[in-house]
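Structure file final07.tsv (TSV, C-alpha atoms) follows.
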chain	number	residue	atom	x	y	z
A	1	MET	CA	-65.74	-225.46	-15.16
A	2	SER	CA	-62.63	-226.15	-13.09
A	3	ARG	CA	-62.39	-229.25	-10.98
A	4	TYR	CA	-62.59	-227.05	-7.87
A	5	THR	CA	-65.97	-225.64	-8.79
A	6	ALA	CA	-67.18	-228.96	-10.19
A	7	TRP	CA	-66.90	-230.79	-6.86
A	8	ARG	CA	-70.36	-232.07	-5.86
A	9	GLY	CA	-69.83	-231.39	-2.18
A	10	HIS	CA	-70.08	-227.63	-2.73
A	11	ALA	CA	-73.86	-227.85	-2.92
A	12	TRP	CA	-73.99	-229.47	0.53
A	13	LEU	CA	-71.48	-227.06	2.03
A	14	ALA	CA	-73.32	-224.11	0.56
A	15	LEU	CA	-76.74	-225.27	1.76
A	16	PRO	CA	-76.41	-224.09	5.39
A	17	LEU	CA	-74.67	-220.92	4.23
A	18	ARG	CA	-77.52	-220.20	1.83
A	19	LEU	CA	-80.19	-220.80	4.45
A	20	TYR	CA	-78.33	-218.70	7.00
A	21	LEU	CA	-77.58	-215.79	4.66
A	22	GLY	CA	-81.07	-215.89	3.16
A	23	GLY	CA	-82.54	-215.89	6.67
A	24	VAL	CA	-80.39	-212.93	7.66
A	25	PHE	CA	-81.65	-210.91	4.71
A	26	LEU	CA	-85.27	-211.90	5.27
A	27	LEU	CA	-84.91	-210.86	8.88
A	28	ALA	CA	-83.25	-207.61	7.89
A	29	CYS	CA	-85.88	-206.52	5.38
A	30	SER	CA	-89.09	-206.84	7.36
A	31	HIS	CA	-88.71	-203.81	9.62
A	32	LYS	CA	-87.38	-201.69	6.77
A	33	ILE	CA	-90.33	-202.51	4.52
A	34	LEU	CA	-92.86	-201.77	7.24
A	35	HIS	CA	-91.15	-198.60	8.46
A	36	PRO	CA	-89.58	-196.90	5.44
A	37	SER	CA	-89.42	-193.48	7.10
A	38	SER	CA	-87.25	-194.70	9.96
A	39	PHE	CA	-85.05	-196.64	7.56
A	40	ALA	CA	-84.71	-193.51	5.42
A	41	LEU	CA	-83.49	-191.72	8.52
A	42	ASP	CA	-80.97	-194.51	9.08
A	43	VAL	CA	-79.75	-194.13	5.50
A	44	ALA	CA	-79.53	-190.36	5.92
A	45	THR	CA	-77.52	-190.77	9.11
A	46	TYR	CA	-74.64	-192.29	7.16
A	47	GLN	CA	-74.35	-188.96	5.28
A	48	LEU	CA	-73.22	-190.76	2.14
A	49	LEU	CA	-76.08	-190.35	-0.30
A	50	PRO	CA	-77.46	-187.11	-1.73
A	51	LEU	CA	-80.87	-186.15	-0.36
A	52	GLU	CA	-82.55	-187.01	-3.69
A	53	LEU	CA	-81.56	-190.68	-3.43
A	54	ILE	CA	-82.17	-191.39	0.26
A	55	ASN	CA	-85.88	-192.21	0.06
A	56	LEU	CA	-85.51	-194.20	-3.15
A	57	GLN	CA	-82.81	-196.34	-1.58
A	58	ALA	CA	-84.84	-196.72	1.63
A	59	LEU	CA	-87.82	-197.93	-0.39
A	60	VAL	CA	-86.10	-200.25	-2.87
A	61	LEU	CA	-83.25	-201.81	-0.89
A	62	PRO	CA	-85.47	-203.77	1.55
A	63	TRP	CA	-87.36	-205.30	-1.39
A	64	VAL	CA	-84.10	-206.38	-2.98
A	65	GLU	CA	-83.22	-207.93	0.37
A	66	LEU	CA	-86.59	-209.68	0.52
A	67	LEU	CA	-86.40	-211.12	-2.99
A	68	THR	CA	-82.75	-212.16	-2.80
A	69	GLY	CA	-83.29	-213.65	0.67
A	70	LEU	CA	-86.17	-215.72	-0.64
A	71	MET	CA	-84.24	-216.73	-3.74
A	72	LEU	CA	-81.30	-217.85	-1.66
A	73	VAL	CA	-83.44	-219.91	0.71
A	74	LEU	CA	-85.31	-221.55	-2.16
A	75	ALA	CA	-82.21	-221.84	-4.35
A	76	PHE	CA	-83.98	-220.07	-7.19
A	77	ARG	CA	-81.63	-218.19	-9.54
A	78	THR	CA	-79.11	-218.62	-6.76
A	79	ARG	CA	-76.13	-217.04	-8.46
A	80	ALA	CA	-78.06	-213.87	-9.31
A	81	ALA	CA	-79.29	-213.65	-5.72
A	82	ALA	CA	-75.77	-214.17	-4.41
A	83	LEU	CA	-74.42	-211.54	-6.83
A	84	LEU	CA	-76.91	-208.96	-5.56
A	85	ILE	CA	-76.31	-209.88	-1.93
A	86	ASN	CA	-72.56	-209.55	-2.42
A	87	ALA	CA	-73.05	-206.16	-4.06
A	88	MET	CA	-75.17	-205.05	-1.10
A	89	MET	CA	-72.60	-206.38	1.37
A	90	VAL	CA	-69.82	-204.43	-0.35
A	91	MET	CA	-72.04	-201.34	-0.23
A	92	PHE	CA	-72.76	-201.85	3.48
A	93	ILE	CA	-69.10	-202.39	4.31
A	94	VAL	CA	-68.07	-199.24	2.43
A	95	ALA	CA	-70.77	-197.26	4.27
A	96	LEU	CA	-69.68	-198.65	7.64
A	97	VAL	CA	-65.99	-197.94	7.03
A	98	TRP	CA	-66.88	-194.44	5.91
A	99	ALA	CA	-69.01	-193.84	9.03
A	100	LEU	CA	-66.32	-195.18	11.35
A	101	LEU	CA	-63.62	-193.11	9.71
A	102	GLN	CA	-65.84	-190.06	10.14
A	103	GLY	CA	-66.07	-190.88	13.83
A	104	LEU	CA	-69.87	-191.16	13.69
A	105	ASP	CA	-71.30	-192.68	16.82
A	106	MET	CA	-74.49	-194.21	15.47
A	107	GLY	CA	-76.60	-197.34	15.23
A	108	CYS	CA	-76.03	-199.74	12.36
A	109	GLY	CA	-79.63	-199.68	11.11
A	110	CYS	CA	-78.98	-203.14	9.69
A	111	PHE	CA	-82.01	-204.90	11.15
A	112	ALA	CA	-84.12	-202.13	12.65
A	113	SER	CA	-83.85	-198.55	13.71
A	114	GLU	CA	-81.99	-199.49	16.79
A	115	GLY	CA	-80.47	-196.12	17.52
A	116	GLY	CA	-77.59	-196.62	19.86
A	117	ASP	CA	-78.53	-200.18	20.79
A	118	ASP	CA	-76.43	-201.67	18.01
A	119	PRO	CA	-73.68	-199.14	17.49
A	120	ILE	CA	-71.43	-199.55	14.49
A	121	SER	CA	-67.94	-200.79	15.17
A	122	TRP	CA	-65.15	-202.69	13.47
A	123	ARG	CA	-66.90	-205.84	14.70
A	124	THR	CA	-69.85	-204.93	12.46
A	125	ILE	CA	-67.45	-204.78	9.53
A	126	VAL	CA	-65.92	-208.16	10.41
A	127	ARG	CA	-69.43	-209.63	10.62
A	128	ASP	CA	-70.41	-208.18	7.24
A	129	SER	CA	-67.12	-209.38	5.74
A	130	ILE	CA	-67.90	-212.92	6.89
A	131	TRP	CA	-71.31	-212.66	5.26
A	132	LEU	CA	-69.66	-211.36	2.11
A	133	ALA	CA	-67.31	-214.35	2.11
A	134	MET	CA	-70.33	-216.66	2.46
A	135	GLY	CA	-72.02	-214.91	-0.45
A	136	LEU	CA	-68.93	-215.20	-2.61
A	137	TYR	CA	-68.64	-218.89	-1.85
A	138	ILE	CA	-72.25	-219.42	-2.89
A	139	GLN	CA	-71.85	-217.34	-6.03
A	140	ILE	CA	-68.65	-219.02	-7.18
A	141	PHE	CA	-68.98	-222.61	-6.04
A	142	ASP	CA	-72.67	-223.43	-5.66
A	143	ARG	CA	-73.26	-224.34	-9.32
A	144	ARG	CA	-75.95	-226.95	-8.71
A	145	PRO	CA	-77.64	-225.65	-5.56
A	146	LEU	CA	-79.98	-227.92	-3.66
A	147	GLY	CA	-83.39	-226.47	-4.32
A	148	LEU	CA	-85.42	-225.15	-7.20
A	149	ASP	CA	-82.43	-224.51	-9.45
A	150	ARG	CA	-81.39	-228.17	-9.29
A	151	LEU	CA	-84.96	-229.24	-9.92
A	152	PHE	CA	-85.14	-227.11	-13.07
A	153	MET	CA	-81.71	-228.32	-14.19
A	154	ARG	CA	-82.84	-231.95	-13.88
A	155	ARG	CA	-85.95	-231.22	-15.93
A	156	ASN	CA	-83.87	-229.52	-18.60
A	157	ASP	CA	-81.41	-232.43	-18.61
A	158	ALA	CA	-84.22	-234.97	-18.95
B	1	MET	CA	-69.01	-213.01	-21.56
B	2	ARG	CA	-70.09	-216.57	-21.01
B	3	GLY	CA	-73.71	-217.58	-21.07
B	4	LEU	CA	-73.84	-218.32	-17.36
B	5	GLU	CA	-72.57	-214.87	-16.41
B	6	LYS	CA	-74.93	-213.25	-18.89
B	7	ALA	CA	-77.87	-215.12	-17.42
B	8	THR	CA	-76.78	-214.20	-13.88
B	9	LEU	CA	-76.59	-210.51	-14.75
B	10	ARG	CA	-79.92	-210.67	-16.56
B	11	ASP	CA	-81.56	-212.34	-13.55
B	12	ALA	CA	-80.04	-209.81	-11.17
B	13	GLY	CA	-81.36	-207.00	-13.34
B	14	ILE	CA	-84.83	-208.54	-13.30
B	15	VAL	CA	-84.73	-208.79	-9.49
B	16	VAL	CA	-83.79	-205.12	-9.21
B	17	VAL	CA	-86.59	-204.08	-11.58
B	18	LEU	CA	-89.10	-206.23	-9.69
B	19	SER	CA	-87.90	-204.73	-6.41
B	20	VAL	CA	-88.36	-201.20	-7.70
B	21	LEU	CA	-91.88	-202.04	-8.92
B	22	ALA	CA	-92.80	-203.76	-5.66
B	23	ALA	CA	-91.36	-200.92	-3.57
B	24	LEU	CA	-93.17	-198.20	-5.51
B	25	SER	CA	-96.46	-200.12	-5.56
B	26	PHE	CA	-96.32	-200.93	-1.87
B	27	ASN	CA	-95.43	-197.36	-1.01
B	28	THR	CA	-98.29	-196.00	-3.10
B	29	LEU	CA	-100.88	-198.44	-1.80
B	30	ARG	CA	-100.04	-198.20	1.87
B	31	GLY	CA	-101.27	-194.59	2.20
B	32	ALA	CA	-100.37	-193.59	5.72
B	33	GLY	CA	-96.75	-194.43	6.42
B	34	SER	CA	-95.66	-193.95	2.82
B	35	ILE	CA	-92.79	-191.61	2.08
B	36	PRO	CA	-92.18	-189.35	-0.93
B	37	LEU	CA	-89.79	-190.71	-3.54
B	38	VAL	CA	-87.59	-187.70	-3.08
B	39	ALA	CA	-87.25	-186.18	0.37
B	40	ARG	CA	-88.51	-182.60	0.38
B	41	GLU	CA	-86.25	-181.39	3.14
B	42	ALA	CA	-83.03	-182.58	4.69
B	43	TYR	CA	-83.35	-185.19	7.42
B	44	ARG	CA	-82.72	-183.89	10.90
B	45	ILE	CA	-80.11	-186.37	11.88
B	46	LEU	CA	-78.51	-186.39	15.26
B	47	VAL	CA	-75.20	-188.15	15.18
B	48	PRO	CA	-73.31	-187.49	18.35
B	49	CYS	CA	-69.67	-187.03	17.49
B	50	PRO	CA	-67.26	-187.72	20.29
B	51	GLU	CA	-66.69	-184.37	22.01
B	52	PRO	CA	-63.76	-183.99	24.33
B	53	VAL	CA	-65.12	-183.78	27.86
B	54	GLY	CA	-63.23	-183.59	31.08
B	55	GLU	CA	-64.10	-184.60	34.59
B	56	VAL	CA	-65.10	-181.90	37.03
B	57	GLU	CA	-65.71	-181.83	40.73
B	58	LEU	CA	-69.04	-181.05	42.31
B	59	ILE	CA	-69.19	-178.35	44.94
B	60	LEU	CA	-71.98	-177.06	47.13
B	61	ALA	CA	-73.58	-173.72	46.37
B	62	SER	CA	-72.44	-172.53	49.80
B	63	GLU	CA	-68.83	-173.12	48.76
B	64	VAL	CA	-69.04	-170.66	45.87
B	65	ARG	CA	-67.09	-167.48	46.62
B	66	TRP	CA	-69.75	-165.06	45.43
B	67	GLY	CA	-68.21	-161.77	44.35
B	68	GLY	CA	-64.70	-163.18	44.67
B	69	ALA	CA	-62.25	-161.35	42.45
B	70	ARG	CA	-60.97	-164.45	40.70
B	71	GLU	CA	-64.12	-166.53	40.88
B	72	LEU	CA	-66.04	-166.77	37.61
B	73	VAL	CA	-69.58	-168.10	38.02
B	74	LEU	CA	-71.44	-169.27	34.93
B	75	ASP	CA	-75.15	-169.85	34.51
B	76	ALA	CA	-75.59	-172.63	31.92
B	77	ARG	CA	-79.37	-172.45	31.70
B	78	LEU	CA	-81.30	-171.43	28.59
B	79	VAL	CA	-82.81	-167.95	28.33
B	80	GLN	CA	-86.34	-169.19	29.05
B	81	GLU	CA	-85.16	-171.08	32.13
B	82	ARG	CA	-83.57	-167.90	33.49
B	83	ARG	CA	-86.93	-166.12	33.41
B	84	VAL	CA	-87.91	-167.95	36.58
B	85	TRP	CA	-84.90	-166.74	38.47
B	86	ALA	CA	-81.47	-165.38	37.65
B	87	THR	CA	-78.64	-163.66	39.42
B	88	ASP	CA	-76.45	-160.91	38.04
B	89	GLN	CA	-73.52	-162.44	39.86
B	90	ALA	CA	-73.24	-165.12	37.19
B	91	LEU	CA	-72.28	-164.82	33.54
B	92	HIS	CA	-74.82	-166.37	31.20
B	93	VAL	CA	-73.26	-169.07	28.98
B	94	PRO	CA	-76.15	-171.28	27.83
B	95	PHE	CA	-75.32	-174.93	27.37
B	96	ASP	CA	-76.60	-176.61	24.22
B	97	PHE	CA	-76.39	-180.39	23.87
B	98	LEU	CA	-75.98	-180.02	20.10
B	99	GLU	CA	-73.83	-176.92	19.75
B	100	PRO	CA	-70.49	-176.66	21.47
B	101	VAL	CA	-69.51	-173.41	23.14
B	102	SER	CA	-68.18	-171.03	20.49
B	103	ASP	CA	-64.47	-170.34	20.31
B	104	GLU	CA	-65.18	-166.65	20.93
B	105	THR	CA	-67.01	-167.38	24.18
B	106	LEU	CA	-64.28	-169.75	25.26
B	107	ALA	CA	-61.65	-167.10	24.54
B	108	GLU	CA	-63.63	-164.59	26.67
B	109	LEU	CA	-63.79	-167.02	29.56
B	110	VAL	CA	-60.08	-167.72	29.36
B	111	ALA	CA	-59.38	-163.98	29.16
B	112	SER	CA	-61.22	-163.43	32.45
B	113	ASN	CA	-58.15	-164.83	34.23
B	114	ALA	CA	-60.36	-166.41	36.84
B	115	ALA	CA	-58.62	-168.78	39.25
B	116	ARG	CA	-61.74	-170.89	39.48
B	117	VAL	CA	-64.72	-171.37	37.18
B	118	VAL	CA	-67.94	-172.50	38.81
B	119	VAL	CA	-70.90	-173.54	36.68
B	120	PHE	CA	-74.50	-174.08	37.67
B	121	GLY	CA	-77.35	-175.23	35.47
B	122	ASP	CA	-80.91	-176.47	35.55
B	123	GLY	CA	-80.25	-179.03	38.28
B	124	LEU	CA	-81.90	-181.76	36.24
B	125	VAL	CA	-80.44	-185.10	35.21
B	126	PRO	CA	-78.27	-184.56	33.27
B	127	ASP	CA	-77.56	-181.14	34.72
B	128	SER	CA	-76.80	-178.54	32.04
B	129	GLY	CA	-74.33	-176.87	34.40
B	130	HIS	CA	-72.39	-180.06	34.94
B	131	GLU	CA	-72.36	-180.77	31.20
B	132	LEU	CA	-71.07	-177.27	30.43
B	133	ALA	CA	-68.40	-177.63	33.10
B	134	ARG	CA	-67.29	-180.95	31.56
B	135	GLU	CA	-67.19	-179.38	28.12
B	136	LEU	CA	-65.06	-176.47	29.34
B	137	ALA	CA	-62.72	-178.84	31.15
B	138	GLY	CA	-62.49	-180.99	28.04
B	139	ARG	CA	-61.48	-177.97	26.01
B	140	GLY	CA	-58.56	-177.16	28.21
B	141	MET	CA	-59.90	-175.00	31.04
B	142	VAL	CA	-58.63	-175.92	34.47
B	143	ASN	CA	-60.18	-175.53	37.92
B	144	VAL	CA	-63.71	-175.93	36.61
B	145	PHE	CA	-66.38	-176.97	39.11
B	146	SER	CA	-70.10	-177.55	38.91
B	147	VAL	CA	-72.63	-176.70	41.57
B	148	GLU	CA	-74.51	-179.66	42.95
B	149	GLY	CA	-78.26	-179.14	42.70
B	150	GLY	CA	-78.15	-176.47	40.01
B	151	TRP	CA	-79.92	-173.14	40.21
B	152	PRO	CA	-82.31	-174.04	43.07
B	153	ALA	CA	-79.29	-174.69	45.29
B	154	VAL	CA	-77.67	-171.46	44.14
B	155	ARG	CA	-80.85	-169.53	44.82
B	156	ALA	CA	-81.13	-171.05	48.28
B	157	ALA	CA	-77.54	-170.03	48.98
B	158	LEU	CA	-77.99	-166.47	47.75
B	159	GLU	CA	-81.48	-165.98	49.15
B	160	PRO	CA	-81.66	-168.16	52.26
B	161	GLY	CA	-85.20	-166.98	53.07
B	162	ASN	CA	-86.61	-168.60	49.92
B	163	GLY	CA	-85.46	-172.11	50.75
B	164	GLU	CA	-84.31	-174.59	48.15
B	165	LEU	CA	-86.63	-175.14	45.22
B	166	GLN	CA	-87.06	-178.17	43.08
B	167	PRO	CA	-85.76	-177.67	39.55

Starting from the file, give its structure as structure tokens.
Amino acid sequence: MSRYTAWRGHAWLALPLRLYLGGVFLLACSHKILHPSSFALDVATYQLLPLELINLQALVLPWVELLTGLMLVLAFRTRAAALLINAMMVMFIVALVWALLQGLDMGCGCFASEGGDDPISWRTIVRDSIWLAMGLYIQIFDRRPLGLDRLFMRRNDA
Amino acid sequence: MRGLEKATLRDAGIVVVLSVLAALSFNTLRGAGSIPLVAREAYRILVPCPEPVGEVELILASEVRWGGARELVLDARLVQERRVWATDQALHVPFDFLEPVSDETLAELVASNAARVVVFGDGLVPDSGHELARELAGRGMVNVFSVEGGWPAVRAALEPGNGELQP
């Protein structure tokens, strides 16, 4: 472990990021889990996935968001949660760039089926990029996160 | 691969598997509101792409030069809307919010050599006539006007005895 990643302050810096990012994902998943058909329509609107995969993605993705959001908040298997969140963020950013380059005038579908209330824009991409940066920081530097992971580490050390 | 990375990938894989199981179980158990794993038919998505639209002026139905040699009057209403009332002094070019006017139709309109194109529609908000006029203007036609009040105003102008109807 390099001396940059070994610094103890990372856990404290990462704590608010973890709570924020975890909260964002918990907030994002609830509507999608309860209304899979409207989320499937949101996924279809991006015109990226083949028809066969749209419903599967609409069903599974919100549960990944729920579990990773919870894991991040509780600091349980934090690096795995951050890895998945970063993968999702990359996927979202690619989809958004694709939609913008296609000139699609549509809602983001990030938190609910908002239609035109939250239209996609380059600002959405900047926002997602910031979240990706947060996720990367957690994944790379938060080696002893404050939460369940640290508790288990202490037990194992003892 | 180091142990930490291996463990991270393993944990991530477990989360994905658990998510799939939870998603499928929840979808099966919820009954109403569940969706099939594979969509049976394509989603009817409506993504408005930016269409070029121009600005057009409104004119009164009384200002239309009916029968004028270089005046082209267009009726933008749908076929079923024209069953109520229609005039043979207007060319029927139905306006569709989803489908732009075909290139063939546009070429015909341009070929008419009209000095002025006047469009009337259903008179609703938004007025199909005004929308068609904007579309034509956006696609390069000049001197395009839309009739304020739509077909009821046109009818009142052509048949003064009937008075103006509500659309």

Go through chain B and flag each residue having an atom no more than 6 Å from chain A; for those, report the closest pair of atoms plus their distance in Å to one decimal, using all atoms listed in the file, ordered by chain and rising number, as CSV.
residue,atom,partner,partner_atom,distance
B:Thr8,CA,A:Ala80,CA,4.8
B:Asp11,CA,A:Ala80,CA,5.7
B:Ala12,CA,A:Ala80,CA,4.9
B:Ser19,CA,A:Trp63,CA,5.1
B:Val20,CA,A:Val60,CA,5.4
B:Ala23,CA,A:Val60,CA,5.3
B:Leu37,CA,A:Asn55,CA,5.5
B:Val38,CA,A:Glu52,CA,5.1
B:Ile45,CA,A:Thr45,CA,5.8
B:Pro48,CA,A:Asp105,CA,5.8
B:Cys49,CA,A:Leu104,CA,5.6

B:Leu98, B:Glu108, B:Ala69, B:Arg2: which is nearest Glu131 (chain B), counting only C-alpha atoms?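 The answer is B:Leu98, which sits nearest to Glu131 (chain B).
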
To one decimal in Å, tell me the separation between CA of Leu136 (chain A) and CA of Pro16 (chain A). 14.1 Å

Leaving out Pro126 (chain B) and any residue of its chain fewer than 5 positions from it, which residues lie within 12 Å of it when counting only C-alpha atoms, given as a VMD selection string? chain B and resid 95 97 120 to 121 131 to 132 134 148 to 150 167

Any idea what's packed within 9 Å of Arg116 (chain B), counting all atoms listed in the file, ignoring anything in its chain fewer than 4 positions away? Could you give it as a list in words?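 Near Arg116 (chain B), the qualifying residues are Arg70, Glu71, Leu72, Val73, Val142, Asn143, Val144 and Phe145 of chain B.
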
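When CA of Cys108 (chain A) is paired with CA of Leu21 (chain A), their separation reads 17.9 Å.
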
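Contact shell of region 89-91 of chain A at 10 Å (all atoms listed in the file; same-chain neighbours under 5 positions omitted): A:Leu83, A:Leu84, A:Leu96, A:Ile125, A:Asp128, A:Ser129, A:Ile130, A:Trp131, A:Leu132, A:Ala133, A:Gly135.
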
Atom pair CA of Arg18 (chain A) / CA of Val73 (chain A): separation (Å):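 Interatomic distance, CA of Arg18 (chain A) to CA of Val73 (chain A): 6.0 Å.
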
Can you tell me, as a ChimeraX atom specification, what residues are no more than 7 Å from Leu26 (chain A) when counting only C-alpha atoms, ignoring any on the same chain fewer than 3 positions away? /A:22-23,29-30,65-66,69

Using all atoms listed in the file, which protein or nucleic acid residues come within 12 Å of Arg82 (chain B)? Drop anything in the same chain fewer than 4 positions from it, and give the result as a compact mmCIF listing (two decimals) with C-alpha atoms, in the coordinates of the input.
# COMPACT_ATOMS: atom_id res chain seq x y z
CA ASP B 75 -75.15 -169.85 34.51
CA ALA B 76 -75.59 -172.63 31.92
CA ARG B 77 -79.37 -172.45 31.70
CA LEU B 78 -81.30 -171.43 28.59
CA ALA B 86 -81.47 -165.38 37.65
CA THR B 87 -78.64 -163.66 39.42
CA ASP B 88 -76.45 -160.91 38.04
CA ALA B 90 -73.24 -165.12 37.19
CA LEU B 91 -72.28 -164.82 33.54
CA HIS B 92 -74.82 -166.37 31.20
CA VAL B 93 -73.26 -169.07 28.98
CA PRO B 94 -76.15 -171.28 27.83
CA PHE B 120 -74.50 -174.08 37.67
CA GLY B 121 -77.35 -175.23 35.47
CA ASP B 122 -80.91 -176.47 35.55
CA TRP B 151 -79.92 -173.14 40.21
CA PRO B 152 -82.31 -174.04 43.07
CA ARG B 155 -80.85 -169.53 44.82
CA PRO B 167 -85.76 -177.67 39.55

Once 3 Å is added on each side, what centre and edge lengths in Å to one decimal does the axis-aligned box around all listed atoms of region 39-51 of chain A have, as lines of an AutoDock Vina configuration file?
center_x = -79.1
center_y = -191.4
center_z = 3.7
size_x = 17.8
size_y = 16.5
size_z = 16.8
